[in-house]
file query-v1.txt (compact mmCIF, C-alpha atoms)
# COMPACT_ATOMS: atom_id res chain seq x y z
CA MET A 81 -121.94 29.10 43.67
CA LEU A 82 -121.13 25.95 41.72
CA LYS A 83 -117.47 26.19 42.70
CA HIS A 84 -118.41 26.36 46.38
CA LEU A 85 -120.55 23.20 46.10
CA GLU A 86 -117.72 21.28 44.40
CA LEU A 87 -115.29 22.29 47.14
CA LEU A 88 -117.74 21.18 49.85
CA LEU A 89 -118.30 17.80 48.15
CA LEU A 90 -114.54 17.26 47.88
CA MET A 91 -114.08 17.91 51.59
CA VAL A 92 -116.81 15.36 52.44
CA LEU A 93 -115.46 12.56 50.20
CA LEU A 94 -111.78 13.04 51.01
CA PRO A 95 -111.75 10.98 54.28
CA PHE A 96 -113.45 8.03 52.55
CA GLY A 97 -110.87 8.07 49.76
CA ILE A 98 -107.98 7.99 52.23
CA ALA A 99 -109.47 5.03 54.12
CA GLN A 100 -110.01 3.09 50.89
CA ALA A 101 -106.42 3.67 49.85
CA GLN A 102 -105.14 2.35 53.20
CA GLU A 103 -107.23 -0.86 52.83
CA VAL A 104 -105.88 -1.60 49.35
CA GLY A 105 -102.26 -1.15 50.45
CA PRO A 106 -99.18 -0.30 48.45
CA GLN A 107 -99.66 -3.25 46.03
CA ASP A 108 -102.81 -4.67 44.51
CA ALA A 109 -103.26 -8.37 45.32
CA THR A 110 -104.67 -9.07 41.88
CA ALA A 111 -101.64 -7.64 40.11
CA PRO A 112 -99.18 -10.19 38.72
CA ALA A 113 -96.01 -10.74 40.68
CA VAL A 114 -92.76 -9.58 39.17
CA ASP A 115 -89.98 -12.15 39.14
CA SER A 116 -86.86 -10.15 39.75
CA SER A 117 -84.72 -13.28 39.41
CA ASN A 118 -85.77 -13.78 35.81
CA PRO A 119 -83.43 -11.66 33.64
CA SER A 120 -85.59 -12.29 30.57
CA ASP A 121 -88.54 -10.47 32.10
CA SER A 122 -88.31 -6.93 30.62
CA SER A 123 -90.58 -5.51 33.32
CA ALA A 124 -88.29 -6.60 36.13
CA VAL A 125 -86.34 -3.56 37.45
CA SER A 126 -83.84 -3.85 40.29
CA LEU A 127 -83.95 -1.16 42.98
CA ASP A 128 -80.15 -1.00 42.98
CA THR A 129 -80.17 -0.40 39.25
CA ALA A 130 -82.70 2.41 39.59
CA LEU A 131 -80.61 4.15 42.23
CA GLU A 132 -77.29 3.63 40.47
CA VAL A 133 -75.35 6.96 40.07
CA VAL A 134 -74.33 7.86 36.53
CA PRO A 135 -70.57 8.59 36.39
CA PRO A 136 -69.61 12.19 35.46
CA VAL A 137 -68.69 12.98 31.89
CA GLU A 138 -64.99 13.34 31.30
CA ILE A 139 -64.21 16.92 30.18
CA ALA A 140 -60.85 18.05 28.90
CA PRO A 141 -59.25 21.01 30.73
CA PRO A 142 -58.65 24.39 29.08
CA GLY A 143 -55.67 24.77 26.78
CA ALA A 144 -52.51 26.82 26.93
CA VAL A 145 -52.37 30.33 28.42
CA THR A 146 -50.57 33.11 26.57
CA VAL A 147 -49.53 36.34 28.32
CA SER A 148 -48.41 39.46 26.45
CA ASP A 149 -47.72 43.06 27.42
CA PHE A 150 -50.69 45.39 27.01
CA PRO A 151 -49.79 48.19 24.57
CA ASN A 152 -49.89 51.91 25.33
CA ASP A 153 -49.99 51.71 29.11
CA ALA A 154 -47.75 52.42 32.10
CA GLY A 155 -46.83 48.77 32.59
CA ASP A 156 -49.79 48.06 34.88
CA HIS A 157 -51.77 45.81 32.50
CA LEU A 158 -51.22 42.41 30.89
CA LEU A 159 -53.08 40.77 28.02
CA VAL A 160 -54.03 37.18 28.96
CA SER A 161 -55.52 34.75 26.42
CA PHE A 162 -56.29 31.04 26.69
CA GLU A 163 -57.58 28.19 24.58
CA PRO A 164 -61.05 26.98 25.59
CA SER A 165 -61.71 23.36 26.40
CA PRO A 166 -62.55 21.19 23.37
CA ASP A 167 -65.43 19.74 25.41
CA GLU A 168 -66.98 23.13 26.11
CA ALA A 169 -70.39 21.99 24.83
CA LEU A 170 -70.58 19.15 27.38
CA GLY A 171 -71.55 21.38 30.28
CA ILE A 172 -68.91 24.05 30.92
CA LEU A 173 -70.47 27.23 32.28
CA VAL A 174 -67.59 29.60 32.99
CA TYR A 175 -63.80 29.85 33.01
CA ARG A 176 -61.93 31.19 36.00
CA ILE A 177 -58.57 32.87 35.45
CA TYR A 178 -56.27 32.48 38.44
CA ARG A 179 -53.10 34.43 39.11
CA ARG A 180 -50.36 34.33 41.74
CA THR A 181 -46.92 35.81 42.39
CA PRO A 182 -44.36 33.07 43.08
CA GLY A 183 -42.19 33.76 46.11
CA ALA A 184 -44.10 36.88 47.18
CA THR A 185 -44.44 37.80 50.85
CA ASP A 186 -47.39 40.19 50.63
CA GLY A 187 -50.10 37.52 50.32
CA THR A 188 -50.18 37.38 46.52
CA GLU A 189 -48.38 34.04 46.45
CA GLU A 190 -51.79 32.32 46.79
CA TRP A 191 -54.01 31.74 43.78
CA ALA A 192 -56.60 34.49 43.31
CA VAL A 193 -59.41 34.71 40.76
CA VAL A 194 -58.73 37.83 38.73
CA LYS A 195 -61.45 37.30 36.13
CA THR A 196 -64.43 35.04 35.37
CA VAL A 197 -65.43 34.56 31.72
CA ALA A 198 -68.62 32.91 30.50
CA ALA A 199 -68.22 29.87 28.24
CA GLY A 200 -68.52 30.75 24.58
CA ASP A 201 -67.53 34.35 25.29
CA HIS A 202 -64.18 35.99 24.53
CA THR A 203 -61.07 34.10 25.60
CA GLU A 204 -58.88 37.18 26.02
CA ILE A 205 -58.86 39.48 29.05
CA VAL A 206 -56.90 42.50 30.23
CA ASP A 207 -55.48 41.83 33.68
CA GLY A 208 -54.98 44.89 35.86
CA TYR A 209 -58.29 46.74 35.57
CA ASP A 210 -59.61 45.32 38.85
CA PRO A 211 -58.40 47.62 41.67
CA ASP A 212 -58.26 44.62 44.03
CA TYR A 213 -55.81 42.76 41.77
CA LEU A 214 -53.41 45.31 40.34
CA VAL A 215 -50.53 44.41 38.06
CA THR A 216 -47.12 45.62 39.21
CA GLN A 217 -44.66 46.72 36.57
CA GLY A 218 -41.75 44.31 36.15
CA THR A 219 -43.33 41.45 38.17
CA GLN A 220 -43.56 37.98 36.62
CA TYR A 221 -46.81 36.16 37.41
CA GLU A 222 -48.15 32.63 37.04
CA TYR A 223 -51.57 31.98 35.51
CA ARG A 224 -53.95 29.06 35.51
CA VAL A 225 -57.37 28.71 33.87
CA ALA A 226 -60.03 26.38 35.32
CA ALA A 227 -63.29 25.30 33.69
CA VAL A 228 -66.40 25.19 35.92
CA THR A 229 -69.08 22.70 34.87
CA ALA A 230 -72.81 22.64 35.46
CA ASP A 231 -72.41 20.06 38.26
CA CYS A 232 -70.06 22.47 40.13
CA ARG A 233 -66.86 20.67 39.19
CA GLU A 234 -63.72 22.71 38.55
CA ILE A 235 -61.35 21.30 35.96
CA PRO A 236 -57.99 23.10 36.24
CA GLY A 237 -55.60 23.62 33.38
CA GLU A 238 -51.84 23.70 33.44
CA VAL A 239 -49.91 26.37 35.31
CA THR A 240 -48.26 28.84 32.93
CA VAL A 241 -45.47 31.23 33.80
CA ALA A 242 -46.06 34.60 32.12
CA GLN A 243 -43.82 34.94 29.10
CA VAL A 244 -43.48 38.72 29.61
CA VAL A 245 -43.74 41.28 32.41
CA GLY A 246 -45.52 44.61 32.39
CA ARG A 247 -43.52 47.37 30.71
CA GLY A 248 -44.51 51.01 30.36
CA GLU A 249 -44.34 52.74 26.98
CA TRP A 250 -42.88 56.20 26.46
CA PHE A 251 -45.40 57.18 23.80
CA HIS A 252 -49.09 56.37 23.33
CA THR A 253 -49.34 55.59 19.63
CA GLU A 254 -53.11 56.08 19.55
CA LYS A 255 -52.70 59.72 20.65
CA LEU A 256 -50.56 60.81 17.73
CA LYS A 257 -53.34 63.10 16.53
CA VAL A 258 -53.36 64.84 19.92
CA LEU A 259 -49.61 65.40 19.65
CA ILE A 260 -49.99 66.90 16.19
CA GLY A 261 -52.76 69.19 17.43
CA CYS A 262 -50.64 70.33 20.40
CA ILE A 263 -47.69 71.09 18.12
CA ILE A 264 -49.91 73.18 15.84
CA PHE A 265 -51.45 74.98 18.81
CA ILE A 266 -48.10 75.82 20.45
CA SER A 267 -46.59 76.88 17.14
CA LEU A 268 -49.44 79.31 16.49
CA ILE A 269 -49.13 80.82 19.98
CA PHE A 270 -45.38 81.37 19.59
CA TYR A 271 -45.93 82.78 16.12
CA TYR A 272 -48.36 85.39 17.44
CA PHE A 273 -46.06 86.00 20.42
CA LYS A 274 -43.35 87.03 17.98
CA ARG A 275 -45.69 89.19 15.95
CA ALA A 276 -47.00 90.98 19.03
CA GLN A 277 -43.48 91.63 20.32
CA MET A 278 -42.57 93.12 16.93
CA CYS A 279 -45.36 95.68 17.50
CA HIS A 280 -47.66 94.29 14.82
CA GLU A 281 -51.26 95.29 15.33
CA LEU A 282 -53.20 92.09 16.05
CA TYR A 283 -56.95 92.02 15.61
CA LEU A 284 -58.96 90.51 18.45
CA ARG A 285 -62.63 89.83 18.01
CA PRO A 286 -64.67 92.33 20.06
CA ILE A 287 -66.33 91.19 23.30
CA PRO A 288 -69.17 93.54 24.37
CA GLY A 289 -68.65 92.94 28.09
CA ILE A 290 -65.00 94.01 27.94
CA ASP A 291 -65.69 96.99 25.70
CA ALA A 292 -68.32 98.20 28.20
CA ILE A 293 -65.89 98.35 31.17
CA ASP A 294 -64.60 101.82 30.33
CA GLU A 295 -68.13 103.02 29.68
CA ALA A 296 -69.33 101.67 33.05
CA ILE A 297 -66.44 103.32 34.92
CA GLY A 298 -67.10 106.61 33.14
CA ARG A 299 -70.79 106.48 34.05
CA ALA A 300 -69.96 105.99 37.73
CA THR A 301 -67.54 108.92 37.56
CA GLU A 302 -70.17 111.21 36.01
CA MET A 303 -72.76 110.24 38.64
CA GLY A 304 -70.28 110.58 41.51
CA LYS A 305 -71.16 107.12 42.82
CA PRO A 306 -68.82 104.27 43.83
CA ILE A 307 -67.96 101.15 41.86
CA LEU A 308 -68.54 97.73 43.44
CA TYR A 309 -66.17 94.94 42.45
CA VAL A 310 -66.89 91.39 43.70
CA PRO A 311 -63.89 89.08 42.93
CA GLY A 312 -65.92 85.89 43.40
CA LEU A 313 -66.26 83.67 46.43
CA SER A 314 -63.58 81.10 45.69
CA GLY A 315 -60.00 80.87 46.96
CA ILE A 316 -56.79 82.08 45.37
CA GLU A 317 -56.16 78.62 43.90
CA ASP A 318 -59.11 79.01 41.51
CA VAL A 319 -58.21 80.10 37.96
CA ALA A 320 -61.31 82.29 37.79
CA THR A 321 -60.17 84.16 40.92
CA ILE A 322 -56.73 84.80 39.44
CA ALA A 323 -58.30 86.13 36.24
CA SER A 324 -60.63 88.33 38.30
CA LEU A 325 -57.73 89.84 40.27
CA THR A 326 -55.93 90.61 37.00
CA ILE A 327 -58.99 92.46 35.73
CA LEU A 328 -59.28 94.23 39.10
CA ASN A 329 -55.83 95.73 38.58
CA ARG A 330 -56.93 97.16 35.21
CA VAL A 331 -60.20 98.49 36.64
CA ALA A 332 -58.42 100.03 39.65
CA LYS A 333 -55.99 101.84 37.33
CA LYS A 334 -58.91 103.41 35.46
CA VAL A 335 -60.63 104.25 38.73
CA ALA A 336 -57.47 105.94 40.00
CA GLU A 337 -57.30 108.09 36.86
CA TYR A 338 -60.94 109.16 37.17
CA GLN A 339 -60.86 109.58 40.98
CA THR A 340 -63.89 107.30 41.41
CA PRO A 341 -64.61 105.55 44.74
CA LEU A 342 -64.01 101.79 44.66
CA ARG A 343 -65.44 99.06 46.94
CA VAL A 344 -63.94 95.54 46.89
CA PRO A 345 -65.50 93.21 49.53
CA ASN A 346 -63.71 89.85 49.99
CA ARG A 347 -64.66 86.52 51.42
CA ASP A 348 -61.28 84.77 51.44
CA PRO A 349 -58.43 86.25 53.57
CA ILE A 350 -55.73 85.40 51.04
CA VAL A 351 -57.75 86.84 48.17
CA TYR A 352 -58.27 89.96 50.29
CA THR A 353 -54.51 90.39 50.77
CA VAL A 354 -53.75 89.93 47.06
CA ALA A 355 -56.60 92.24 46.03
CA GLU A 356 -55.39 94.96 48.37
CA GLU A 357 -51.87 94.84 47.00
CA SER A 358 -53.18 94.75 43.42
CA VAL A 359 -55.27 97.90 43.95
CA LYS A 360 -52.37 99.70 45.66
CA GLN A 361 -50.11 98.82 42.74
CA ALA A 362 -52.71 100.09 40.28
CA TYR A 363 -52.90 103.47 42.04
CA MET A 364 -49.10 103.70 41.99
CA GLU A 365 -48.97 102.90 38.27
CA ALA A 366 -51.61 105.55 37.63
CA GLY A 367 -49.44 108.11 39.47
CA ARG A 368 -51.98 108.68 42.26
CA PRO A 369 -50.80 106.71 45.31
CA ASP A 370 -52.23 109.35 47.68
CA SER A 371 -55.75 108.79 46.30
CA TYR A 372 -55.84 105.20 47.51
CA GLU A 373 -58.37 104.65 50.33
CA ALA A 374 -57.34 102.07 52.92
CA ASN A 375 -60.95 100.94 53.40
CA SER A 376 -61.73 100.47 49.71
CA VAL A 377 -60.60 96.81 49.85
CA PHE A 378 -61.86 94.99 52.92
CA PHE A 379 -62.60 91.53 54.32
CA VAL A 380 -66.22 90.70 55.23
CA THR A 381 -66.61 87.06 56.33
CA ASP A 382 -65.89 83.56 55.09
CA SER A 383 -69.56 82.53 55.45
CA GLN A 384 -71.22 82.36 52.04
CA PHE A 385 -74.64 83.88 52.67
CA ALA A 386 -73.44 86.20 55.42
CA TYR A 387 -71.07 87.64 52.83
CA VAL A 388 -73.94 88.00 50.36
CA ALA A 389 -76.07 89.76 52.97
CA ALA A 390 -73.27 92.24 53.67
CA VAL A 391 -72.71 92.99 49.97
CA ASN A 392 -76.45 93.40 49.36
CA GLY A 393 -76.60 95.82 52.29
CA LEU A 394 -73.72 97.80 50.80
CA MET A 395 -75.55 98.02 47.46
CA THR A 396 -78.74 99.15 49.19
CA ARG A 397 -77.01 101.85 51.24
CA GLU A 398 -74.42 103.31 48.84
CA LYS A 399 -76.25 102.69 45.53
CA PRO A 400 -73.13 102.03 43.39
CA ALA A 401 -73.44 103.04 39.75
CA THR A 402 -71.51 100.00 38.43
CA ASN A 403 -71.28 96.46 39.76
CA PHE A 404 -68.64 93.96 38.67
CA TYR A 405 -69.15 90.25 39.44
CA LEU A 406 -66.05 88.51 38.09
CA GLY A 407 -64.80 85.18 39.43
CA MET A 408 -66.27 81.97 40.75
CA PHE A 409 -69.85 81.98 42.06
CA TRP A 410 -72.38 79.47 43.37
CA ALA A 411 -75.95 79.76 44.66
CA GLU A 412 -75.45 83.39 45.70
CA SER A 413 -75.10 84.69 42.13
CA LEU A 414 -78.79 85.46 41.63
CA LEU A 415 -79.08 87.13 45.07
CA LEU A 416 -76.24 89.51 44.23
CA ALA A 417 -77.28 90.24 40.65
CA GLU A 418 -80.96 90.71 41.49
CA THR A 419 -80.20 93.21 44.25
CA GLY A 420 -77.86 95.13 41.95
CA SER A 421 -80.49 95.18 39.23
CA LEU A 422 -83.06 96.64 41.61
CA SER A 423 -80.61 99.38 42.62
CA GLY A 424 -80.37 100.52 38.98
CA ALA A 425 -76.63 99.87 38.51
CA ILE A 426 -74.88 98.80 35.32
CA GLN A 427 -73.77 95.22 35.94
CA ILE A 428 -70.95 93.34 34.24
CA ALA A 429 -70.54 89.69 35.24
CA GLY A 430 -68.14 86.95 34.23
CA THR A 431 -67.63 83.38 35.42
CA ASP A 432 -66.72 79.92 34.23
CA ALA A 433 -69.41 78.32 36.42
CA ILE A 434 -71.80 76.96 33.82
CA THR A 435 -74.65 76.54 36.30
CA GLN A 436 -74.57 80.24 37.27
CA LEU A 437 -74.26 81.76 33.81
CA PRO A 438 -78.05 81.79 33.13
CA PHE A 439 -78.65 83.93 36.23
CA PHE A 440 -76.01 86.46 35.23
CA ILE A 441 -77.21 86.59 31.63
CA THR A 442 -80.79 87.38 32.67
CA THR A 443 -79.99 89.97 35.36
CA CYS A 444 -76.78 91.69 34.14
CA ASP A 445 -76.20 94.07 31.26
CA TYR A 446 -73.06 92.26 30.03
CA THR A 447 -71.75 88.78 30.78
CA LEU A 448 -68.33 87.29 30.07
CA ILE A 449 -68.94 83.62 29.33
CA GLY A 450 -66.29 81.06 30.25
CA GLU A 451 -62.96 81.76 28.60
CA GLU A 452 -63.89 85.36 27.87
CA LEU A 453 -63.15 85.98 31.54
CA TYR A 454 -59.58 84.73 31.02
CA ALA A 455 -59.13 86.78 27.86
CA ALA A 456 -60.33 90.01 29.48
CA SER A 457 -56.92 90.86 30.94
CA ALA A 458 -55.35 90.53 27.48
CA TYR A 459 -58.01 92.81 26.00
CA LEU A 460 -57.54 95.44 28.70
CA GLY A 461 -53.76 95.34 29.11
CA ARG A 462 -52.70 94.58 25.53
CA GLU A 463 -49.53 92.88 26.74
CA PRO A 464 -47.78 91.04 23.86
CA LYS A 465 -47.70 87.60 25.51
CA GLN A 466 -51.34 87.72 26.53
CA VAL A 467 -52.49 89.07 23.18
CA GLY A 468 -50.43 86.44 21.35
CA SER A 469 -51.97 83.69 23.50
CA VAL A 470 -55.52 84.84 22.79
CA LYS A 471 -54.78 85.26 19.07
CA GLY A 472 -53.24 81.77 18.91
CA GLN A 473 -56.30 80.26 20.60
CA ASP A 474 -58.60 82.04 18.15
CA ALA A 475 -56.55 80.70 15.23
CA CYS A 476 -56.83 77.14 16.57
CA LYS A 477 -60.57 77.56 17.00
CA GLY A 478 -60.79 78.73 13.41
CA ILE A 479 -58.95 75.59 12.24
CA VAL A 480 -61.24 73.33 14.26
CA MET A 481 -64.37 75.09 13.01
CA THR A 482 -63.15 74.74 9.43
CA LEU A 483 -62.51 71.01 9.84
CA VAL A 484 -65.91 70.46 11.46
CA THR A 485 -67.65 72.39 8.69
CA VAL A 486 -65.85 70.42 5.97
CA GLY A 487 -66.74 67.16 7.74
CA ILE A 488 -70.43 68.13 7.90
CA ILE A 489 -70.48 69.06 4.23
CA LEU A 490 -68.81 65.79 3.19
CA SER A 491 -71.23 63.80 5.36
CA LEU A 492 -74.20 65.53 3.72
CA VAL A 493 -72.72 64.78 0.29
CA ASP A 494 -72.43 61.10 1.25
CA ILE A 495 -76.05 61.05 2.39
CA PHE A 496 -77.42 62.61 -0.81
CA THR A 497 -75.21 60.56 -3.15
CA GLY A 498 -75.87 57.23 -1.42
CA GLY A 499 -72.38 56.92 0.03
CA ALA A 500 -73.79 56.37 3.52
CA THR A 501 -75.22 52.98 2.45
CA ASP A 502 -72.79 52.11 -0.36
CA PRO A 503 -69.11 52.43 0.70
CA SER A 504 -67.97 52.43 -2.94
CA LYS A 505 -69.72 55.78 -3.43
CA SER A 506 -68.47 57.37 -0.21
CA LEU A 507 -66.49 60.56 -0.82
CA LEU A 508 -65.10 60.44 2.72
CA LEU A 509 -63.59 56.99 2.20
CA LYS A 510 -62.10 58.03 -1.14
CA LEU A 511 -60.46 61.07 0.45
CA GLN A 512 -59.19 58.93 3.31
CA GLY A 513 -57.65 56.46 0.83
CA LEU A 514 -56.05 59.34 -1.08
CA VAL A 515 -54.47 60.65 2.13
CA ASP A 516 -53.19 57.18 3.03
CA VAL A 517 -51.67 56.66 -0.42
CA THR A 518 -50.07 60.11 -0.33
CA SER A 519 -48.54 59.45 3.08
CA LEU A 520 -47.14 56.12 1.88
CA GLU A 521 -45.54 57.76 -1.15

call {"tool": "encode", "arguments": {"input": "query-v1.txt", "output": "structure tokens"}}
result
Amino acid sequence: MLKHLELLLLMVLLPFGIAQAQEVGPQDATAPAVDSSNPSDSSAVSLDTALEVVPPVEIAPPGAVTVSDFPNDAGDHLLVSFEPSPDEALGILVYRIYRRTPGATDGTEEWAVVKTVAAGDHTEIVDGYDPDYLVTQGTQYEYRVAAVTADCREIPGEVTVAQVVGRGEWFHTEKLKVLIGCIIFISLIFYYFKRAQMCHELYLRPIPGIDAIDEAIGRATEMGKPILYVPGLSGIEDVATIASLTILNRVAKKVAEYQTPLRVPNRDPIVYTVAEESVKQAYMEAGRPDSYEANSVFFVTDSQFAYVAAVNGLMTREKPATNFYLGMFWAESLLLAETGSLSGAIQIAGTDAITQLPFFITTCDYTLIGEELYAASAYLGREPKQVGSVKGQDACKGIVMTLVTVGIILSLVDIFTGGATDPSKSLLLKLQGLVDVTSLE
């Protein structure tokens, strides 16, 4: 309430205050006059002096620009460094790095800002990362650095012709470890290739899903029911589809031996053609070409959920004893696997689609996870090259697991012995120094 009364009083007295100010005028008559002609009077201030503009501070331009070739690239990057202005503290905000191509006819002969660097920040940039200002291999550029001040002035430096041009390197020196790893990996694969071709028995770790294929085919044969094989919904260019068709050939050969009905619905026309020829070849290799049914491999539709509806209808009508889902799958995986589970069939699934693996694991009896799908053909066919490849991969995994385990153990030792905080006590650093000294000797 008190605030409202003060506001009302202010509104009433405001007109009287304005009138009083107009009567007094801009200068009080009783105030002493200022003699502007008397230079000794300290209170005398000239209007021209008050409005006089202060001249801008002189700021030195940025120093020399140095251009060098960026290491370990394809010749499409340059390393540009410059010396900052010695007067950087007098109001320089940023530095602009300009570049142009002398004598060019594609519009790059004009100066263009390729990078803006804040004052006090790094004075070295990598030119070529910006997709709008690419660096062409073998082209010589000109560079210029300009300092931008707080009062929007731009102080340009000298134009510098690049001392070098972009050159591509044949070998990335920072990827030497990758090269060593590849050499070890390839050497192990060829080693096991040779051993497999010499008829040495190579041990492969058991995979339950692959071991259960023969059991599932035998169960369907005993029950007199068909086997459903879904080779995924992707095209022939997918690696998972190729692996699935390889497994289909092995399954079809077993089916031909046991005289079990086989159903292979397809979504892609090219996959359908390859699957049909693969099954025919399997029946011929099994010595039963007359047992092949022309309608066992068929094309349904290229529509995703229409295909799923057709396969689910087939499972509901024919009640297959074994369902194979091997290949690439998307949102339809759970629809297929759930329907097969309700029909009481043994289900074996395999895919490299990480997002669909949980659905197959929860609804199928056996699931091939990721690379197990690719290794299945080697397990089933026992061809020397495929077995040697799988054995070489397992050996490389064993090496990596050993190195990781040793690294974890050494890290724990450093933590418990204080090496994590005191480098002089670090066992990892001591081992690294020992390796370096050994390599130098």

call {"tool": "residues_around", "arguments": {"input": "query-v1.txt", "residues": "A:Phe378", "least_positions_apart": "6", "cutoff": "8 Å", "atoms": "only C-alpha atoms", "output": "JSON, numbers by chain"}}
result
{"A": [344, 345, 346, 352, 356]}

call {"tool": "closest_atom_pairs", "arguments": {"input": "query-v1.txt", "of": "stretch 276-359 of chain A", "to": "stretch 395-402 of chain A", "cutoff": "10 Å", "atoms": "only C-alpha atoms", "output": "tab-separated table"}}
result
residue	atom	partner	partner_atom	distance
A:Ile293	CA	A:Thr402	CA	9.3
A:Glu295	CA	A:Thr402	CA	9.9
A:Ala296	CA	A:Thr402	CA	6.0
A:Ile297	CA	A:Thr402	CA	7.0
A:Gly298	CA	A:Thr402	CA	9.5
A:Arg299	CA	A:Ala401	CA	7.2
A:Ala300	CA	A:Ala401	CA	5.0
A:Thr301	CA	A:Ala401	CA	8.6
A:Glu302	CA	A:Ala401	CA	9.6
A:Met303	CA	A:Ala401	CA	7.3
A:Gly304	CA	A:Ala401	CA	8.4
A:Lys305	CA	A:Pro400	CA	5.5
A:Pro306	CA	A:Pro400	CA	4.9
A:Ile307	CA	A:Thr402	CA	5.1
A:Leu308	CA	A:Thr402	CA	6.3
A:Tyr309	CA	A:Thr402	CA	8.4
A:Pro341	CA	A:Pro400	CA	9.3
A:Leu342	CA	A:Pro400	CA	9.2
A:Arg343	CA	A:Pro400	CA	9.0

call {"tool": "write_last_selection", "arguments": {"input": "query-v1.txt", "atoms": "C-alpha atoms", "output": "mmCIF file, keeping the file's coordinate frame"}}
result
data_model
loop_
_atom_site.group_PDB
_atom_site.id
_atom_site.type_symbol
_atom_site.label_atom_id
_atom_site.label_comp_id
_atom_site.auth_asym_id
_atom_site.auth_seq_id
_atom_site.Cartn_x
_atom_site.Cartn_y
_atom_site.Cartn_z
ATOM 1 C CA ILE A 293 -65.890 98.350 31.170
ATOM 2 C CA GLU A 295 -68.130 103.020 29.680
ATOM 3 C CA ALA A 296 -69.330 101.670 33.050
ATOM 4 C CA ILE A 297 -66.440 103.320 34.920
ATOM 5 C CA GLY A 298 -67.100 106.610 33.140
ATOM 6 C CA ARG A 299 -70.790 106.480 34.050
ATOM 7 C CA ALA A 300 -69.960 105.990 37.730
ATOM 8 C CA THR A 301 -67.540 108.920 37.560
ATOM 9 C CA GLU A 302 -70.170 111.210 36.010
ATOM 10 C CA MET A 303 -72.760 110.240 38.640
ATOM 11 C CA GLY A 304 -70.280 110.580 41.510
ATOM 12 C CA LYS A 305 -71.160 107.120 42.820
ATOM 13 C CA PRO A 306 -68.820 104.270 43.830
ATOM 14 C CA ILE A 307 -67.960 101.150 41.860
ATOM 15 C CA LEU A 308 -68.540 97.730 43.440
ATOM 16 C CA TYR A 309 -66.170 94.940 42.450
ATOM 17 C CA PRO A 341 -64.610 105.550 44.740
ATOM 18 C CA LEU A 342 -64.010 101.790 44.660
ATOM 19 C CA ARG A 343 -65.440 99.060 46.940
#

call {"tool": "residues_near_point", "arguments": {"input": "query-v1.txt", "point": "(-46.7, 32.4, 43.2)", "cutoff": "12 Å", "atoms": "all atoms listed in the file", "output": "count of residues only"}}
result
25

call {"tool": "residues_around", "arguments": {"input": "query-v1.txt", "residues": "stretch 415-417 of chain A", "least_positions_apart": "3", "cutoff": "10 Å", "atoms": "all atoms listed in the file", "output": "PyMOL selection string"}}
result
chain A and resi 310+385+388-389+391-392+395+403-405+411-412+420-423+425+427-429+439-444

call {"tool": "closest_atom_pairs", "arguments": {"input": "query-v1.txt", "of": "stretch 426-470 of chain A", "to": "stretch 271-290 of chain A", "cutoff": "10 Å", "atoms": "all atoms listed in the file", "output": "CSV"}}
result
residue,atom,partner,partner_atom,distance
A:Gln427,CA,A:Gly289,CA,9.6
A:Ile428,CA,A:Gly289,CA,6.6
A:Ala429,CA,A:Gly289,CA,8.1
A:Gly430,CA,A:Gly289,CA,8.6
A:Asp445,CA,A:Gly289,CA,8.3
A:Tyr446,CA,A:Gly289,CA,4.9
A:Thr447,CA,A:Gly289,CA,5.8
A:Leu448,CA,A:Gly289,CA,6.0
A:Ile449,CA,A:Gly289,CA,9.4
A:Glu452,CA,A:Ile287,CA,7.8
A:Leu453,CA,A:Ile290,CA,9.0
A:Ala455,CA,A:Ile290,CA,9.3
A:Ala456,CA,A:Ile290,CA,6.3
A:Ser457,CA,A:Ile290,CA,9.2
A:Ala458,CA,A:Leu284,CA,9.7
A:Tyr459,CA,A:Ile290,CA,7.4
A:Leu460,CA,A:Ile290,CA,7.6
A:Arg462,CA,A:Ala276,CA,9.4
A:Glu463,CA,A:Ala276,CA,8.3
A:Pro464,CA,A:Ala276,CA,4.9
A:Lys465,CA,A:Phe273,CA,5.6
A:Gln466,CA,A:Phe273,CA,8.3
A:Val467,CA,A:Ala276,CA,7.1
A:Gly468,CA,A:Phe273,CA,4.5
A:Ser469,CA,A:Phe273,CA,7.1
A:Val470,CA,A:Leu284,CA,7.9

call {"tool": "write_last_selection", "arguments": {"input": "query-v1.txt", "atoms": "C-alpha atoms", "output": "short mmCIF file (atom, residue, chain, number, x, y, z; two decimals), keeping the file's coordinate frame"}}
result
data_model
loop_
_atom_site.label_atom_id
_atom_site.label_comp_id
_atom_site.auth_asym_id
_atom_site.auth_seq_id
_atom_site.Cartn_x
_atom_site.Cartn_y
_atom_site.Cartn_z
CA GLN A 427 -73.77 95.22 35.94
CA ILE A 428 -70.95 93.34 34.24
CA ALA A 429 -70.54 89.69 35.24
CA GLY A 430 -68.14 86.95 34.23
CA ASP A 445 -76.20 94.07 31.26
CA TYR A 446 -73.06 92.26 30.03
CA THR A 447 -71.75 88.78 30.78
CA LEU A 448 -68.33 87.29 30.07
CA ILE A 449 -68.94 83.62 29.33
CA GLU A 452 -63.89 85.36 27.87
CA LEU A 453 -63.15 85.98 31.54
CA ALA A 455 -59.13 86.78 27.86
CA ALA A 456 -60.33 90.01 29.48
CA SER A 457 -56.92 90.86 30.94
CA ALA A 458 -55.35 90.53 27.48
CA TYR A 459 -58.01 92.81 26.00
CA LEU A 460 -57.54 95.44 28.70
CA ARG A 462 -52.70 94.58 25.53
CA GLU A 463 -49.53 92.88 26.74
CA PRO A 464 -47.78 91.04 23.86
CA LYS A 465 -47.70 87.60 25.51
CA GLN A 466 -51.34 87.72 26.53
CA VAL A 467 -52.49 89.07 23.18
CA GLY A 468 -50.43 86.44 21.35
CA SER A 469 -51.97 83.69 23.50
CA VAL A 470 -55.52 84.84 22.79
#
